[in-house]
>>> print(open('structure-v3.cif').read())   # mmCIF, C-alpha atoms and all ligand atoms
data_structure
loop_
_atom_site.label_atom_id
_atom_site.label_comp_id
_atom_site.auth_asym_id
_atom_site.auth_seq_id
_atom_site.Cartn_x
_atom_site.Cartn_y
_atom_site.Cartn_z
CA MET P 9 -3.13 13.10 61.20
CA SER P 10 -6.54 12.21 62.58
CA GLN P 11 -8.13 8.97 61.50
CA GLN P 12 -10.85 10.82 59.55
CA GLN P 13 -8.22 12.85 57.70
CA GLY P 14 -6.41 9.67 56.72
CA LEU P 15 -9.51 7.81 55.57
CA GLY P 16 -10.24 9.82 52.37
CA PRO P 17 -7.02 8.95 50.53
CA ARG P 18 -7.15 5.37 51.83
CA LYS P 19 -10.72 4.96 50.62
CA ALA P 20 -9.73 6.34 47.23
CA ALA P 21 -6.65 4.09 47.10
CA LEU P 22 -8.86 1.13 47.92
CA PHE P 23 -11.22 2.03 45.09
CA LEU P 24 -8.25 2.11 42.71
CA LEU P 25 -6.99 -1.25 43.98
CA ASP P 26 -10.42 -2.88 43.65
CA GLN P 27 -10.76 -1.57 40.09
CA VAL P 28 -7.31 -2.90 39.14
CA THR P 29 -7.60 -6.35 40.72
CA SER P 30 -11.31 -7.00 40.07
CA GLU P 31 -12.10 -4.99 36.92
CA GLY P 32 -8.78 -5.16 35.10
CA LYS P 33 -8.47 -1.37 34.90
CA LEU P 34 -5.11 0.39 34.74
CA LEU P 35 -4.32 3.17 37.23
CA SER P 36 -3.60 5.58 34.36
CA GLU P 37 -7.07 4.90 32.88
CA LEU P 38 -8.79 5.32 36.26
CA ILE P 39 -6.99 8.56 37.06
CA GLY P 40 -7.57 9.82 33.51
CA GLU P 41 -11.29 9.12 33.98
CA GLY P 42 -11.27 11.31 37.12
CA ALA P 43 -11.33 8.64 39.86
CA LEU P 44 -9.46 10.99 42.24
CA GLN P 45 -10.97 14.30 41.13
CA HIS P 46 -13.15 14.61 44.25
CA LEU P 47 -10.09 14.80 46.52
CA PRO P 48 -7.92 17.82 47.36
CA ALA P 49 -4.59 17.78 45.46
CA GLU P 50 -2.56 16.54 48.44
CA ASP P 51 -4.95 13.64 49.13
CA ARG P 52 -5.01 12.77 45.46
CA ALA P 53 -1.23 12.37 45.45
CA ARG P 54 -1.39 10.31 48.65
CA ALA P 55 -4.13 8.01 47.31
CA GLN P 56 -2.19 7.39 44.12
CA ARG P 57 1.01 6.74 46.07
CA LEU P 58 -0.76 4.33 48.44
CA ALA P 59 -2.32 2.36 45.58
CA THR P 60 0.95 2.25 43.64
CA GLU P 61 2.99 1.14 46.65
CA THR P 62 0.42 -1.51 47.54
CA LEU P 63 0.52 -2.93 44.02
CA ARG P 64 4.31 -2.87 44.03
CA GLY P 65 4.42 -4.81 47.31
CA MET P 66 1.31 -6.91 46.65
CA ALA P 67 2.90 -10.36 46.38
CA ARG P 68 4.95 -9.73 49.51
CA ALA P 69 1.87 -8.49 51.40
CA ASP P 70 0.00 -11.62 50.34
CA ARG P 71 2.81 -13.78 51.66
CA MET P 72 2.80 -11.94 54.99
CA LEU P 73 -1.01 -12.10 55.25
CA ALA P 74 -1.14 -15.80 54.38
CA ARG P 75 0.52 -16.50 57.73
CA PHE P 76 -2.39 -14.98 59.61
CA LEU P 77 -5.39 -15.83 57.42
CA GLN P 78 -7.18 -19.15 57.67
CA LYS P 79 -8.77 -18.66 54.25
CA THR P 80 -8.59 -16.03 51.52
CA PRO P 81 -11.13 -13.28 52.29
CA PRO P 82 -13.28 -11.60 49.61
CA GLU P 83 -11.26 -9.30 47.32
CA ALA P 84 -12.61 -6.07 48.91
CA VAL P 85 -11.34 -7.14 52.35
CA ARG P 86 -8.16 -8.59 50.94
CA ASN P 87 -7.32 -5.24 49.35
CA VAL P 88 -7.87 -3.43 52.67
CA LEU P 89 -5.49 -5.90 54.33
CA ARG P 90 -2.93 -5.49 51.55
CA LEU P 91 -3.10 -1.69 51.68
CA CYS P 92 -2.69 -1.61 55.47
CA THR P 93 0.08 -4.22 55.41
CA VAL P 94 2.11 -2.13 52.97
CA GLU P 95 1.51 0.99 55.09
CA LEU P 96 2.65 -0.82 58.22
CA ALA P 97 5.71 -2.08 56.36
CA GLY P 98 6.53 1.52 55.51
CA GLY P 99 6.60 2.38 59.21
CA GLU P 100 3.22 4.16 59.51
CA ALA P 101 1.91 4.31 63.10
CA ALA P 102 0.23 0.94 63.78
CA HIS P 103 -2.70 2.34 65.76
CA GLY P 104 -3.85 4.65 62.94
CA VAL P 105 -3.39 2.08 60.18
CA VAL P 106 -5.22 -0.73 62.03
CA ASN P 107 -8.10 1.58 62.94
CA ALA P 108 -8.36 2.84 59.37
CA GLY P 109 -8.38 -0.73 58.02
CA VAL P 110 -11.15 -1.78 60.42
CA GLU P 111 -13.13 1.35 59.55
CA LEU P 112 -12.84 0.71 55.80
CA VAL P 113 -14.15 -2.85 56.24
CA ALA P 114 -16.89 -1.78 58.68
CA ARG P 115 -18.22 0.97 56.38
CA ASN P 116 -18.97 -1.46 53.58
CA LYS P 117 -22.19 -3.39 54.34
CA ARG P 118 -20.97 -6.42 52.41
CA THR P 119 -17.75 -6.68 54.42
CA ALA P 120 -18.76 -5.24 57.82
CA THR P 121 -18.98 -8.66 59.46
CA MET P 122 -15.24 -9.13 58.82
CA LYS P 123 -14.07 -6.15 60.87
CA GLY P 124 -13.10 -8.34 63.84
CA MET P 125 -10.95 -10.56 61.63
CA THR P 126 -9.43 -7.47 59.99
CA ASN P 127 -8.52 -6.04 63.38
CA ALA P 128 -6.94 -9.30 64.54
CA VAL P 129 -4.95 -9.88 61.36
CA LEU P 130 -3.67 -6.30 61.10
CA ARG P 131 -2.54 -6.36 64.72
CA LYS P 132 -0.46 -9.42 63.94
CA VAL P 133 0.98 -7.74 60.84
CA ALA P 134 1.74 -4.64 62.94
CA ALA P 135 3.58 -6.83 65.46
CA GLU P 136 5.85 -8.08 62.64
CA GLY P 137 6.65 -4.44 61.82
CA PRO P 138 8.92 -3.22 59.01
CA ASP P 139 11.63 -5.68 60.11
CA GLY P 140 9.38 -8.70 59.50
CA TRP P 141 8.49 -7.25 56.10
CA ALA P 142 12.11 -6.68 55.13
CA LYS P 143 12.92 -10.36 55.76
CA LEU P 144 10.49 -11.52 53.06
CA ALA P 145 11.62 -12.23 49.48
CA ASN P 146 11.03 -9.61 46.77
CA PRO P 147 7.50 -9.69 45.37
CA ARG P 148 7.18 -12.11 42.47
CA ILE P 149 5.64 -11.18 39.14
CA PRO P 150 2.19 -12.85 38.95
CA GLY P 151 2.29 -16.35 37.47
CA TRP P 152 0.58 -15.61 34.12
CA LEU P 153 3.53 -13.36 33.20
CA ARG P 154 6.27 -15.04 35.22
CA GLY P 155 5.80 -18.24 33.15
CA PRO P 156 6.56 -16.65 29.75
CA LEU P 157 9.40 -14.62 31.27
CA LYS P 158 10.95 -17.77 32.70
CA ASP P 159 10.74 -19.33 29.22
CA ALA P 160 12.68 -16.36 27.83
CA TYR P 161 15.16 -15.57 30.62
CA SER P 162 17.10 -17.47 33.28
CA PRO P 163 15.70 -17.68 36.85
CA GLU P 164 18.47 -15.30 37.97
CA ILE P 165 17.44 -12.69 35.40
CA VAL P 166 13.76 -12.97 36.33
CA ALA P 167 14.70 -12.51 40.00
CA ALA P 168 16.85 -9.48 39.11
CA MET P 169 13.91 -7.98 37.20
CA GLU P 170 11.67 -8.56 40.22
CA ALA P 171 14.16 -6.75 42.44
CA VAL P 172 14.15 -3.61 40.26
CA HIS P 173 10.36 -3.76 39.84
CA PHE P 174 10.06 -3.67 43.62
CA ALA P 175 12.54 -0.81 43.94
CA GLY P 176 10.44 1.40 41.62
CA ALA P 177 11.74 3.90 39.10
CA PRO P 178 13.53 7.24 39.33
CA LEU P 179 12.59 10.09 36.97
CA ASP P 180 14.48 10.28 33.68
CA ILE P 181 14.67 13.34 31.51
CA THR P 182 15.61 13.90 27.87
CA VAL P 183 17.12 17.31 27.22
CA LYS P 184 16.46 19.29 24.03
CA GLY P 185 19.85 21.03 23.97
CA ASP P 186 22.92 21.07 26.24
CA VAL P 187 22.66 18.17 28.73
CA ALA P 188 25.42 19.39 31.05
CA ALA P 189 23.88 22.87 31.31
CA ALA P 190 20.43 21.41 32.04
CA ASN P 191 21.92 19.17 34.70
CA ASP P 192 23.63 22.11 36.42
CA ALA P 193 20.11 23.25 37.29
CA LEU P 194 18.49 19.81 37.76
CA LYS P 195 21.38 18.36 39.80
CA GLY P 196 20.75 14.79 38.75
CA GLU P 197 22.97 12.08 37.32
CA ILE P 198 23.89 12.09 33.63
CA LEU P 199 23.43 8.50 32.43
CA PRO P 200 25.80 6.88 29.88
CA THR P 201 23.30 7.47 27.04
CA GLY P 202 22.83 11.16 27.95
CA SER P 203 19.51 11.09 29.81
CA ILE P 204 19.41 12.86 33.19
CA ARG P 205 18.20 10.80 36.15
CA LEU P 206 16.66 12.31 39.30
CA ALA P 207 16.26 10.02 42.31
CA ASN P 208 13.66 12.10 44.14
CA ALA P 209 12.19 14.48 41.63
CA GLY P 210 9.03 15.69 43.39
CA GLN P 211 6.61 17.68 41.28
CA VAL P 212 7.82 17.57 37.67
CA SER P 213 6.30 20.90 36.59
CA ALA P 214 8.18 22.66 39.42
CA LEU P 215 11.61 21.49 38.21
CA PRO P 216 13.96 24.04 36.61
CA GLY P 217 13.58 24.21 32.83
CA PHE P 218 10.08 22.67 32.69
CA ASP P 219 8.23 25.92 31.93
CA GLU P 220 10.96 26.89 29.47
CA GLY P 221 10.45 23.57 27.63
CA ASP P 222 14.13 22.63 27.93
CA TRP P 223 13.38 18.93 28.46
CA TRP P 224 10.70 16.26 28.80
CA VAL P 225 10.21 13.17 30.95
CA GLN P 226 11.25 9.97 29.17
CA ASP P 227 12.74 6.77 30.54
CA ALA P 228 16.38 6.39 29.54
CA ALA P 229 15.59 3.17 27.63
CA ALA P 230 12.73 4.86 25.77
CA ALA P 231 15.18 7.47 24.48
CA ILE P 232 17.40 4.86 22.79
CA PRO P 233 15.19 3.97 19.73
CA VAL P 234 15.62 7.49 18.29
CA MET P 235 19.38 7.30 18.96
CA VAL P 236 19.39 4.11 16.85
CA LEU P 237 17.32 5.85 14.14
CA ALA P 238 19.83 8.77 14.19
CA PRO P 239 17.59 11.28 12.38
CA GLN P 240 19.50 13.77 10.23
CA ASP P 241 18.81 17.45 9.67
CA GLY P 242 16.29 17.85 6.85
CA GLU P 243 15.28 14.18 6.59
CA LYS P 244 11.59 13.30 6.15
CA ILE P 245 10.68 11.06 9.06
CA LEU P 246 7.46 9.37 10.12
CA ASP P 247 6.66 8.60 13.77
CA LEU P 248 3.91 6.05 13.27
CA CYS P 249 2.61 5.58 16.84
CA ALA P 250 3.66 8.86 18.34
CA ALA P 251 1.67 9.75 21.45
CA PRO P 252 2.43 11.20 23.97
CA GLY P 253 5.33 12.34 21.81
CA GLY P 254 8.61 11.67 23.65
CA LYS P 255 10.22 10.23 20.54
CA THR P 256 8.57 12.79 18.21
CA MET P 257 10.28 15.54 20.21
CA GLN P 258 13.65 13.77 19.99
CA ILE P 259 13.29 13.50 16.19
CA ALA P 260 12.11 17.11 15.87
CA ALA P 261 15.03 18.32 18.03
CA SER P 262 17.45 16.76 15.50
CA GLY P 263 16.24 19.12 12.77
CA ALA P 264 14.40 16.42 10.77
CA HIS P 265 10.91 17.05 9.35
CA VAL P 266 8.72 14.76 11.40
CA THR P 267 5.16 13.64 10.82
CA ALA P 268 3.63 12.25 14.01
CA ILE P 269 0.64 9.91 13.76
CA ASP P 270 -1.49 8.43 16.48
CA SER P 271 -5.00 7.01 16.44
CA SER P 272 -5.90 8.33 19.90
CA VAL P 273 -7.52 11.78 19.89
CA GLY P 274 -6.82 12.30 23.61
CA ARG P 275 -3.21 11.21 23.42
CA MET P 276 -2.62 13.35 20.32
CA ILE P 277 -3.67 16.40 22.35
CA ARG P 278 -0.77 15.56 24.68
CA VAL P 279 1.63 15.41 21.71
CA LYS P 280 0.55 18.91 20.70
CA GLU P 281 0.86 20.22 24.28
CA ASN P 282 4.33 18.70 24.57
CA LEU P 283 5.45 20.20 21.25
CA LYS P 284 4.09 23.60 22.29
CA ARG P 285 5.87 23.57 25.65
CA THR P 286 9.20 22.54 24.13
CA GLY P 287 8.88 24.86 21.11
CA LEU P 288 9.49 21.95 18.74
CA THR P 289 7.75 21.45 15.40
CA ALA P 290 6.06 18.36 13.95
CA LYS P 291 3.19 17.73 11.59
CA THR P 292 0.55 15.93 13.65
CA VAL P 293 -2.01 13.57 12.12
CA THR P 294 -4.72 11.82 14.14
CA SER P 295 -5.29 8.64 12.16
CA ASP P 296 -5.16 4.90 12.29
CA ALA P 297 -1.66 3.99 11.10
CA PHE P 298 -3.16 1.55 8.58
CA GLU P 299 -5.16 4.34 6.95
CA PHE P 300 -2.14 6.57 6.48
CA SER P 301 -0.76 6.05 2.98
CA GLU P 302 1.60 8.97 2.26
CA GLY P 303 4.92 7.45 1.20
CA GLY P 304 8.53 8.40 0.46
CA PHE P 305 9.85 8.68 4.02
CA ASP P 306 13.61 8.54 4.58
CA ALA P 307 13.04 6.79 7.90
CA ILE P 308 10.19 5.57 10.09
CA LEU P 309 9.96 4.99 13.81
CA LEU P 310 7.43 2.32 14.77
CA ASP P 311 6.98 2.33 18.55
CA ALA P 312 4.19 -0.20 18.30
CA PRO P 313 1.36 -0.75 20.80
CA CYS P 314 2.42 -3.70 22.96
CA SER P 315 2.00 -5.48 26.29
CA ALA P 316 4.05 -2.72 28.02
CA THR P 317 5.57 -5.44 30.22
CA GLY P 318 8.85 -3.51 30.19
CA THR P 319 7.31 -0.69 32.22
CA ILE P 320 6.35 -2.56 35.41
CA ARG P 321 8.86 -0.55 37.50
CA ARG P 322 6.66 2.47 36.81
CA HIS P 323 3.34 0.67 36.40
CA PRO P 324 3.08 -2.07 39.05
CA ASP P 325 -0.66 -2.25 38.34
CA LEU P 326 -0.07 -3.81 34.92
CA PRO P 327 0.47 -7.44 36.00
CA TYR P 328 -2.65 -7.26 38.19
CA ALA P 329 -4.89 -5.51 35.66
CA LYS P 330 -3.91 -7.72 32.73
CA ASP P 331 -3.86 -11.47 32.22
CA GLY P 332 -2.14 -11.75 28.85
CA SER P 333 -5.34 -12.60 26.97
CA GLU P 334 -5.07 -9.58 24.66
CA PHE P 335 -1.40 -10.01 23.81
CA GLN P 336 -1.84 -12.21 20.73
CA ASP P 337 -3.92 -9.47 19.04
CA LEU P 338 -1.15 -6.97 19.78
CA ILE P 339 1.49 -9.34 18.40
CA ASP P 340 -0.50 -9.81 15.16
CA GLN P 341 -1.02 -6.05 14.88
CA GLN P 342 2.71 -5.38 15.34
CA ALA P 343 3.54 -7.67 12.40
CA ARG P 344 0.95 -5.96 10.20
CA MET P 345 2.27 -2.53 11.26
CA ILE P 346 5.84 -3.47 10.31
CA ASP P 347 4.67 -4.54 6.84
CA HIS P 348 2.55 -1.40 6.40
CA ALA P 349 5.41 0.86 7.54
CA LEU P 350 7.69 -0.72 4.93
CA THR P 351 5.26 0.40 2.18
CA LEU P 352 5.63 4.03 3.35
CA LEU P 353 9.45 4.00 3.24
CA LYS P 354 11.43 5.09 0.20
CA PRO P 355 13.73 2.40 -1.27
CA GLY P 356 16.80 2.00 0.96
CA GLY P 357 14.97 3.71 3.84
CA ARG P 358 15.23 2.58 7.45
CA LEU P 359 12.57 1.43 9.90
CA VAL P 360 13.23 1.34 13.62
CA PHE P 361 10.83 -1.10 15.24
CA CYS P 362 10.57 -0.99 19.02
CA THR P 363 8.29 -2.09 21.84
CA CYS P 364 8.42 -1.54 25.61
CA SER P 365 7.90 -5.26 26.09
CA LEU P 366 9.90 -8.02 27.73
CA LEU P 367 8.33 -10.72 25.58
CA PRO P 368 10.41 -12.01 22.62
CA ASP P 369 7.17 -12.42 20.62
CA GLU P 370 6.97 -8.61 20.60
CA GLY P 371 10.65 -8.16 19.78
CA GLU P 372 13.19 -10.68 18.54
CA VAL P 373 10.51 -12.94 16.99
CA GLN P 374 8.87 -10.01 15.18
CA VAL P 375 12.15 -9.17 13.45
CA ASP P 376 12.88 -12.80 12.53
CA GLU P 377 9.41 -13.11 11.02
CA ALA P 378 9.54 -9.73 9.25
CA LEU P 379 12.77 -10.83 7.54
CA GLU P 380 11.08 -14.07 6.40
CA ARG P 381 7.99 -12.23 5.08
CA ASN P 382 9.90 -9.46 3.27
CA PRO P 383 12.59 -10.66 0.83
CA GLY P 384 15.52 -8.24 0.61
CA LEU P 385 14.81 -6.67 4.01
CA THR P 386 17.94 -6.54 6.19
CA VAL P 387 18.87 -5.60 9.76
CA ASP P 388 21.28 -2.69 10.36
CA VAL P 389 23.49 -3.95 13.15
CA ASP P 390 25.78 -0.91 12.85
CA ALA P 391 22.90 1.34 13.88
CA LEU P 392 23.17 -0.13 17.38
CA ASP P 393 26.53 1.55 17.81
CA VAL P 394 25.16 4.22 20.15
CA ALA P 395 27.20 5.93 22.90
CA GLY P 396 26.42 4.33 26.28
CA VAL P 397 24.70 1.28 24.76
CA ASP P 398 26.45 -1.89 25.86
CA ALA P 399 27.52 -4.38 23.17
CA ASP P 400 26.20 -7.18 25.44
CA TRP P 401 22.67 -5.92 24.93
CA ARG P 402 22.72 -7.00 21.26
CA THR P 403 20.69 -9.99 20.18
CA GLU P 404 21.28 -12.75 17.63
CA GLU P 405 18.97 -11.40 14.93
CA GLY P 406 20.57 -7.94 15.12
CA GLY P 407 18.48 -5.99 17.62
CA LEU P 408 18.87 -4.66 21.16
CA ARG P 409 17.26 -6.27 24.18
CA LEU P 410 17.02 -3.79 27.07
CA ARG P 411 16.01 -5.22 30.44
CA PRO P 412 14.77 -3.50 33.61
CA ASP P 413 17.69 -4.97 35.56
CA PHE P 414 20.27 -3.22 33.37
CA TRP P 415 21.91 -0.36 35.33
CA ALA P 416 20.24 -1.91 38.41
CA ASP P 417 22.60 -0.05 40.73
CA LYS P 418 21.41 3.23 39.21
CA GLY P 419 17.68 2.35 39.34
CA GLY P 420 17.28 0.14 36.25
CA MET P 421 15.65 1.06 32.94
CA ASP P 422 12.44 0.20 31.11
CA GLY P 423 12.46 -3.10 29.26
CA PHE P 424 12.58 -2.44 25.50
CA TYR P 425 13.30 -4.17 22.23
CA ILE P 426 14.80 -2.13 19.39
CA ALA P 427 15.98 -3.04 15.88
CA GLN P 428 16.61 -1.10 12.69
CA LEU P 429 15.41 -2.71 9.47
CA ARG P 430 16.56 -1.57 6.01
CA LYS P 431 14.27 -1.68 2.97
CA PRO P 432 16.06 -2.87 -0.20
CA ALA P 433 17.24 0.03 -2.43
C1 LIG P 501 3.93 2.77 22.86
S1 LIG P 501 2.79 4.01 22.60
C2 LIG P 501 3.75 5.21 21.74
C3 LIG P 501 4.66 6.03 22.62
C4 LIG P 501 5.32 7.17 21.87
N1 LIG P 501 6.05 6.69 20.70
C5 LIG P 501 6.24 7.99 22.71
O1 LIG P 501 7.46 7.79 22.68
O2 LIG P 501 5.76 8.89 23.43
C6 LIG P 501 1.80 3.34 21.32
C7 LIG P 501 0.83 4.31 20.71
O3 LIG P 501 0.21 3.66 19.60
C8 LIG P 501 -1.06 4.24 19.42
N2 LIG P 501 -1.83 3.33 18.54
C9 LIG P 501 -2.40 2.15 18.85
N3 LIG P 501 -2.97 1.60 17.76
C10 LIG P 501 -2.73 2.46 16.73
C11 LIG P 501 -3.07 2.46 15.36
N4 LIG P 501 -3.75 1.45 14.80
N5 LIG P 501 -2.67 3.50 14.61
C12 LIG P 501 -1.98 4.54 15.15
N6 LIG P 501 -1.65 4.59 16.45
C13 LIG P 501 -2.00 3.57 17.23
C14 LIG P 501 -1.58 4.38 20.84
O4 LIG P 501 -2.60 5.37 20.91
C15 LIG P 501 -0.31 4.78 21.58
O5 LIG P 501 -0.25 6.17 21.76
#
>>> encode(input="structure-v3.cif", output="structure tokens")
Amino acid sequence: MSQQQGLGPRKAALFLLDQVTSEGKLLSELIGEGALQHLPAEDRARAQRLATETLRGMARADRMLARFLQKTPPEAVRNVLRLCTVELAGGEAAHGVVNAGVELVARNKRTATMKGMTNAVLRKVAAEGPDGWAKLANPRIPGWLRGPLKDAYSPEIVAAMEAVHFAGAPLDITVKGDVAAANDALKGEILPTGSIRLANAGQVSALPGFDEGDWWVQDAAAAIPVMVLAPQDGEKILDLCAAPGGKTMQIAASGAHVTAIDSSVGRMIRVKENLKRTGLTAKTVTSDAFEFSEGGFDAILLDAPCSATGTIRRHPDLPYAKDGSEFQDLIDQQARMIDHALTLLKPGGRLVFCTCSLLPDEGEVQVDEALERNPGLTVDVDALDVAGVDADWRTEEGGLRLRPDFWADKGGMDGFYIAQLRKPA
């Protein structure tokens, strides 16, 4: 590849990195807003991969660079150095990467004077090579999040989470019908809970059964809340925060009558597309959950908006885009959503509350506090008796704590908290 050919995706990856680390934007938002639209499809994929891999290896790149930098350069230069360091670590040809890094710094008027330093530093990084990189410790979660995680988990568990975050995530699939038959075509691994895992999936829409709507992409941990809910044929079930619809499809596939609500117009379009592709049926309502007042549901799934700190394997941008400042609002909203959901349940009905968060404030503590606020409310511990779900994952108050380092040898799972609450009859 010529240097010019390689520069487009690198420039785009650098834009993504700058937006994440300086503007607090998430990669999914940036890509959704069309940040890569100007590139040909192949370059778009490369830019996204470069940015994702750089974010995943960021803390390790910073440690490597600190050896060769006298002082921290401006963020725009630092991101060039990080990007090139991660590329060099991956075994890319040193000459091309160093030249591209120098070119990226030289092209920007505000950073052009630092091209000599960039050249010198990247040559030193190149001399370390992939072997020097491999000797460094796994990248640490940034301090603002590492602190609360260390309060909640032992240092060994935090380190184990960091190891799986760095390893990245395979592709998990939930099948609508016969799992074994679907896996004959997909040739993945059937996980203990029945999801199919593909180590190197490639383009999802090209996989067998996609066009036929036989399955959808869903992390194995994200499939467990509906297994806990155990929807029954003919039941009236509400999916209160439904988009993009992974759990709605699971409920619909069980034969229950599901109403799917989400406040996001754009994300609700994805629910409808997903239902159409899989041939499943749900009533879709675009509304704020708090404005929805239809009652009498047999069961409700509340997959509440949260910090998403359980999804860092897939979204390594999250700890760099966020700083935790908006989490208290989410925590307050989760509590209000639990109480609102209870008003929509028929007496004796069940509410599965879940979040893809690692923070107890968005899990265990929510359930403890919901029980205090709502006399007569109980926790259904028996609902956690799901095939493939380990008894060790149960928590004191009666929920399930899923961690990214569970099934680490298979590629881990998203961090999740799940509990089933029962409204008094
Ligand atoms: C964790 S995601 C749901 C994922 C979904 N259950 C699935 O499995 O595909 C949380 C969702 O809550 C929605 N949301 C946030 N605030 C809301 C509100 N006040 N009312 C309804 N939906 C809301 C967001 O748009 C987002 O789609």
>>> residues_around(input="structure-v3.cif", residues="Ser262 of chain P", least_positions_apart="3", cutoff="7 Å", atoms="only C-alpha atoms", output="list in words")
Pro239, Gln240, Asp241, Gln258 and Ile259 of chain P
>>> closest_residue(input="structure-v3.cif", among="P:Gly221, P:Glu37, P:Gly140, P:Arg321", to="Arg71 of chain P", atoms="all atoms listed in the file")
P:Gly140
>>> atom_distance(input="structure-v3.cif", atom1="atom CA of Glu405 of chain P", atom2="atom CA of Leu199 of chain P")
26.9 Å
>>> closest_residue(input="structure-v3.cif", among="P:Thr119, P:Thr182, P:Ser272, P:Asn146", to="Asp70 of chain P", atoms="all atoms listed in the file")
P:Asn146
>>> closest_residue(input="structure-v3.cif", among="P:Lys255, P:Arg205, P:Arg411, P:Arg52", to="Ser365 of chain P", atoms="only C-alpha atoms")
P:Arg411
>>> atom_distance(input="structure-v3.cif", atom1="atom CA of Asp311 of chain P", atom2="atom CA of Gly42 of chain P")
27.5 Å
>>> residues_around(input="structure-v3.cif", residues="Pro432 of chain P", least_positions_apart="5", cutoff="12 Å", atoms="only C-alpha atoms", output="PDB file with C-alpha atoms, in the frame of the given file")
ATOM      1  CA  LEU P 350       7.690  -0.720   4.930  1.00  0.00           C
ATOM      2  CA  THR P 351       5.260   0.400   2.180  1.00  0.00           C
ATOM      3  CA  LEU P 353       9.450   4.000   3.240  1.00  0.00           C
ATOM      4  CA  LYS P 354      11.430   5.090   0.200  1.00  0.00           C
ATOM      5  CA  PRO P 355      13.730   2.400  -1.270  1.00  0.00           C
ATOM      6  CA  GLY P 356      16.800   2.000   0.960  1.00  0.00           C
ATOM      7  CA  GLY P 357      14.970   3.710   3.840  1.00  0.00           C
ATOM      8  CA  ARG P 358      15.230   2.580   7.450  1.00  0.00           C
ATOM      9  CA  LEU P 359      12.570   1.430   9.900  1.00  0.00           C
ATOM     10  CA  LEU P 379      12.770 -10.830   7.540  1.00  0.00           C
ATOM     11  CA  ASN P 382       9.900  -9.460   3.270  1.00  0.00           C
ATOM     12  CA  PRO P 383      12.590 -10.660   0.830  1.00  0.00           C
ATOM     13  CA  GLY P 384      15.520  -8.240   0.610  1.00  0.00           C
ATOM     14  CA  LEU P 385      14.810  -6.670   4.010  1.00  0.00           C
ATOM     15  CA  THR P 386      17.940  -6.540   6.190  1.00  0.00           C
ATOM     16  CA  VAL P 387      18.870  -5.600   9.760  1.00  0.00           C
ATOM     17  CA  ASP P 388      21.280  -2.690  10.360  1.00  0.00           C
TER      18      ASP P 388
END
>>> closest_residue(input="structure-v3.cif", among="P:Ala142, P:Leu38, P:Ala168, P:Leu47", to="Leu24 of chain P", atoms="all atoms listed in the file")
P:Leu38
>>> residues_near_ligand(input="structure-v3.cif", ligand="ligand LIG 501 (chain P)", cutoff="10 Å", atoms="all atoms listed in the file", output="PyMOL selection string")
chain P and resi 225-227+230-231+233-234+247-258+268-276+278-279+282+293-300+309-316+338+341-342+344-345+362-365
>>> atom_distance(input="structure-v3.cif", atom1="atom CA of Arg154 of chain P", atom2="atom CA of Thr60 of chain P")
20.0 Å
>>> closest_residue(input="structure-v3.cif", among="P:Gly109, P:Gly151, P:Pro81, P:Gly98", to="Lys330 of chain P", atoms="only C-alpha atoms")
P:Gly151
>>> decode(input="structure-v3.cif", residues="segment 310-322 of chain P", atoms="C-alpha atoms", output="mmCIF file, in the first residue's frame")
data_model
loop_
_atom_site.group_PDB
_atom_site.id
_atom_site.type_symbol
_atom_site.label_atom_id
_atom_site.label_comp_id
_atom_site.auth_asym_id
_atom_site.auth_seq_id
_atom_site.Cartn_x
_atom_site.Cartn_y
_atom_site.Cartn_z
ATOM 1 C CA LEU P 310 -36.708 -3.017 32.043
ATOM 2 C CA ASP P 311 -33.321 -2.876 30.310
ATOM 3 C CA ALA P 312 -32.686 0.585 31.657
ATOM 4 C CA PRO P 313 -30.391 3.247 30.166
ATOM 5 C CA CYS P 314 -27.125 3.032 32.101
ATOM 6 C CA SER P 315 -23.393 3.756 32.076
ATOM 7 C CA ALA P 316 -22.847 0.801 29.678
ATOM 8 C CA THR P 317 -19.603 0.075 31.543
ATOM 9 C CA GLY P 318 -20.213 -3.637 30.976
ATOM 10 C CA THR P 319 -19.664 -3.248 27.238
ATOM 11 C CA ILE P 320 -16.062 -1.971 27.174
ATOM 12 C CA ARG P 321 -14.838 -5.143 25.403
ATOM 13 C CA ARG P 322 -16.893 -3.991 22.417
#
